Amino acid sequence: MTFELATVEETRAFGRRLATLLRAGDLVILDGPLGAGKTALAQGIGAGLGVRGEVTSPTFVIARVHRPDSGRGGRIPLVHADAYRLGSVAEVDDLDLDASLDESVTVVEWGGGKVEQLATAHLLVRIERRDDDWRLIELVGSGRDWPDRLAALGAPLATD
């Protein structure tokens, strides 16, 4: 399933929309080049989950936990991690991301090829930023009920 998004705000809005499908135990892997919109998408997911605090790039801290804010309708914690500086699956294992996986939504930027072993199912979100600044987002569900959940997402956003 692919979507075309024209702006960073549309990317955040798509993240809010995607958050409606997410539940505790979900692993979401964001893959794409520098500047593609991975953090903007994570910000939208955080807003959609109603978490506390600003969702920012975790590049220098590796991982942040955002607790739900009941005043914003928060229901699930968000673990937002960045695997860019991690060189191996062993380094990912050292972070113990799987310790909180069952109770939270875990979103990992630059996680392709490094974090899939954390869960039996995951959602891969590939983001490509084109020369005209539009983003092409491809969703690839692996395992469990991802095909049904993605079908519930509905039609791609308008790209007029």
# chains A, B, ... in the order shown; residues from 1 in each chain; ligands from 1

$ residues_around --residues "A:Ala13" --least-positions-apart "3" --cutoff "10 Å" --atoms "only C-alpha atoms" --output "list of chain:residue names"
A:Leu5, A:Thr7, A:Val8, A:Glu9, A:Glu10, A:Arg16, A:Arg17, A:Leu18, A:Ala19, A:Ala40, A:Leu41, A:Gln43, A:Gly44, A:Ile45, A:Ala47, A:Gly48, A:Leu157

$ residues_around --residues "A:Leu123" --least-positions-apart "4" --cutoff "9 Å" --atoms "only C-alpha atoms" --output "list of chain:residue names"
A:Asp26, A:Leu27, A:Val28, A:Ile29, A:Leu30, A:Leu139, A:Val140, A:Gly141, A:Ser142, A:Gly143, A:Trp146

$ closest_residue --among "A:Met1, A:Gly112, A:Gly46, A:Ala81" --to "A:Asp69" --atoms "only C-alpha atoms"
A:Gly46

$ closest_residue --among "A:Glu103, A:Asp132, A:Asp145, A:Glu138" --to "A:Thr120" --atoms "only C-alpha atoms"
A:Asp145

$ select_by_dssp --residues "chain A" --states "alpha helix (DSSP H)" --output "PyMOL selection string"
chain A and resi 8-19+38-49+89-94+146-153

$ write_last_selection --atoms "C-alpha atoms" --output "PDB file, in the first residue's frame"
ATOM      1  CA  VAL A   8       5.790  17.671   6.080  1.00  0.00           C
ATOM      2  CA  GLU A   9       2.412  18.514   7.637  1.00  0.00           C
ATOM      3  CA  GLU A  10       0.742  15.858   5.464  1.00  0.00           C
ATOM      4  CA  THR A  11       3.402  13.430   6.692  1.00  0.00           C
ATOM      5  CA  ARG A  12       2.530  14.266  10.315  1.00  0.00           C
ATOM      6  CA  ALA A  13      -1.188  13.961   9.509  1.00  0.00           C
ATOM      7  CA  PHE A  14      -0.545  10.552   7.974  1.00  0.00           C
ATOM      8  CA  GLY A  15       1.257   9.542  11.174  1.00  0.00           C
ATOM      9  CA  ARG A  16      -1.810  10.566  13.203  1.00  0.00           C
ATOM     10  CA  ARG A  17      -3.963   8.493  10.860  1.00  0.00           C
ATOM     11  CA  LEU A  18      -1.603   5.520  11.132  1.00  0.00           C
ATOM     12  CA  ALA A  19      -1.707   5.773  14.941  1.00  0.00           C
ATOM     13  CA  LYS A  38      10.909   9.645   9.439  1.00  0.00           C
ATOM     14  CA  THR A  39      10.825  11.930  12.478  1.00  0.00           C
ATOM     15  CA  ALA A  40       7.854  13.910  11.102  1.00  0.00           C
ATOM     16  CA  LEU A  41       5.958  10.632  10.732  1.00  0.00           C
ATOM     17  CA  ALA A  42       6.937   9.625  14.292  1.00  0.00           C
ATOM     18  CA  GLN A  43       5.697  13.025  15.516  1.00  0.00           C
ATOM     19  CA  GLY A  44       2.338  12.337  13.901  1.00  0.00           C
ATOM     20  CA  ILE A  45       2.190   8.884  15.465  1.00  0.00           C
ATOM     21  CA  GLY A  46       2.958  10.413  18.866  1.00  0.00           C
ATOM     22  CA  ALA A  47       0.228  13.021  18.398  1.00  0.00           C
ATOM     23  CA  GLY A  48      -2.213  10.326  17.308  1.00  0.00           C
ATOM     24  CA  LEU A  49      -1.377   8.223  20.369  1.00  0.00           C
ATOM     25  CA  VAL A  89      21.655  -6.491  15.889  1.00  0.00           C
ATOM     26  CA  ALA A  90      23.688  -7.156  19.055  1.00  0.00           C
ATOM     27  CA  GLU A  91      23.805  -3.421  19.815  1.00  0.00           C
ATOM     28  CA  VAL A  92      20.030  -3.241  19.353  1.00  0.00           C
ATOM     29  CA  ASP A  93      19.630  -6.165  21.745  1.00  0.00           C
ATOM     30  CA  ASP A  94      21.688  -4.248  24.328  1.00  0.00           C
ATOM     31  CA  TRP A 146      -1.283  -6.408   9.425  1.00  0.00           C
ATOM     32  CA  PRO A 147      -2.995  -6.986   6.046  1.00  0.00           C
ATOM     33  CA  ASP A 148      -6.443  -6.504   7.627  1.00  0.00           C
ATOM     34  CA  ARG A 149      -5.328  -3.531   9.688  1.00  0.00           C
ATOM     35  CA  LEU A 150      -3.762  -1.829   6.690  1.00  0.00           C
ATOM     36  CA  ALA A 151      -6.931  -2.417   4.660  1.00  0.00           C
ATOM     37  CA  ALA A 152      -8.805  -0.568   7.419  1.00  0.00           C
ATOM     38  CA  LEU A 153      -6.540   2.420   6.826  1.00  0.00           C
TER      39      LEU A 153
END

$ residues_around --residues "A:Arg129" --least-positions-apart "2" --cutoff "9 Å" --atoms "only C-alpha atoms" --output "ChimeraX atom specification"
/A:32-33,35-37,127,131-137

$ decode --residues "stretch 109-141 of chain A" --atoms "N, CA and C atoms" --output "CSV table (one decimal), in the first residue's frame"
chain,number,residue,atom,x,y,z
A,109,GLU,N,13.4,4.4,13.9
A,109,GLU,CA,14.0,5.0,12.7
A,109,GLU,C,15.3,4.3,12.4
A,110,TRP,N,15.5,4.1,11.1
A,110,TRP,CA,16.8,3.5,10.6
A,110,TRP,C,16.8,2.0,11.1
A,111,GLY,N,15.7,1.4,11.4
A,111,GLY,CA,15.7,0.1,12.0
A,111,GLY,C,15.8,-1.1,11.0
A,112,GLY,N,15.6,-0.9,9.7
A,112,GLY,CA,15.6,-2.0,8.8
A,112,GLY,C,16.9,-2.8,8.9
A,113,GLY,N,16.7,-4.1,9.0
A,113,GLY,CA,17.8,-5.1,9.1
A,113,GLY,C,18.4,-5.1,10.5
A,114,LYS,N,17.8,-4.4,11.4
A,114,LYS,CA,18.4,-4.4,12.8
A,114,LYS,C,17.4,-4.7,13.9
A,115,VAL,N,16.1,-4.5,13.7
A,115,VAL,CA,15.2,-4.7,14.8
A,115,VAL,C,14.1,-5.7,14.5
A,116,GLU,N,14.0,-6.2,13.3
A,116,GLU,CA,12.9,-7.1,13.0
A,116,GLU,C,12.8,-8.3,14.0
A,117,GLN,N,13.9,-8.7,14.6
A,117,GLN,CA,13.9,-9.9,15.5
A,117,GLN,C,13.2,-9.6,16.8
A,118,LEU,N,12.9,-8.3,17.1
A,118,LEU,CA,12.2,-7.9,18.3
A,118,LEU,C,10.8,-8.4,18.5
A,119,ALA,N,10.2,-8.7,17.3
A,119,ALA,CA,8.7,-9.1,17.4
A,119,ALA,C,8.5,-10.1,16.3
A,120,THR,N,7.4,-10.9,16.4
A,120,THR,CA,7.1,-11.8,15.4
A,120,THR,C,6.4,-11.2,14.2
A,121,ALA,N,5.9,-9.9,14.5
A,121,ALA,CA,5.2,-9.2,13.4
A,121,ALA,C,5.7,-7.7,13.5
A,122,HIS,N,5.7,-7.0,12.4
A,122,HIS,CA,6.0,-5.6,12.4
A,122,HIS,C,5.4,-4.9,11.2
A,123,LEU,N,5.5,-3.6,11.2
A,123,LEU,CA,5.1,-2.8,10.1
A,123,LEU,C,6.3,-2.1,9.6
A,124,LEU,N,6.7,-2.3,8.3
A,124,LEU,CA,7.8,-1.5,7.7
A,124,LEU,C,7.2,-0.4,7.0
A,125,VAL,N,7.7,0.8,7.2
A,125,VAL,CA,7.2,2.0,6.6
A,125,VAL,C,8.4,2.6,5.8
A,126,ARG,N,8.4,2.4,4.5
A,126,ARG,CA,9.5,2.9,3.6
A,126,ARG,C,9.1,4.3,3.2
A,127,ILE,N,10.0,5.3,3.3
A,127,ILE,CA,9.7,6.7,3.0
A,127,ILE,C,10.8,7.1,1.9
A,128,GLU,N,10.3,7.6,0.8
A,128,GLU,CA,11.2,8.1,-0.2
A,128,GLU,C,10.8,9.5,-0.5
A,129,ARG,N,11.8,10.4,-0.4
A,129,ARG,CA,11.6,11.8,-0.6
A,129,ARG,C,12.1,12.1,-2.1
A,130,ARG,N,11.1,12.5,-2.9
A,130,ARG,CA,11.4,12.8,-4.3
A,130,ARG,C,12.0,14.2,-4.5
A,131,ASP,N,12.5,14.5,-5.6
A,131,ASP,CA,13.2,15.7,-5.9
A,131,ASP,C,12.2,16.9,-5.8
A,132,ASP,N,10.9,16.7,-6.0
A,132,ASP,CA,9.9,17.8,-5.8
A,132,ASP,C,9.4,17.9,-4.4
A,133,ASP,N,10.1,17.3,-3.4
A,133,ASP,CA,9.8,17.3,-2.0
A,133,ASP,C,8.6,16.5,-1.6
A,134,TRP,N,7.9,15.9,-2.6
A,134,TRP,CA,6.8,14.9,-2.2
A,134,TRP,C,7.4,13.7,-1.6
A,135,ARG,N,6.7,13.1,-0.8
A,135,ARG,CA,7.1,11.8,-0.1
A,135,ARG,C,6.2,10.7,-0.6
A,136,LEU,N,6.9,9.6,-0.9
A,136,LEU,CA,6.2,8.4,-1.3
A,136,LEU,C,6.4,7.4,-0.1
A,137,ILE,N,5.3,7.0,0.5
A,137,ILE,CA,5.3,6.2,1.7
A,137,ILE,C,4.7,4.8,1.3
A,138,GLU,N,5.4,3.8,1.6
A,138,GLU,CA,5.0,2.4,1.3
A,138,GLU,C,4.9,1.7,2.7
A,139,LEU,N,3.7,1.1,2.9
A,139,LEU,CA,3.5,0.3,4.1
A,139,LEU,C,3.5,-1.2,3.8
A,140,VAL,N,4.4,-1.9,4.5
A,140,VAL,CA,4.5,-3.4,4.3
A,140,VAL,C,4.3,-4.0,5.7
A,141,GLY,N,3.2,-4.7,5.8
A,141,GLY,CA,3.0,-5.4,7.1
A,141,GLY,C,3.5,-6.8,7.0
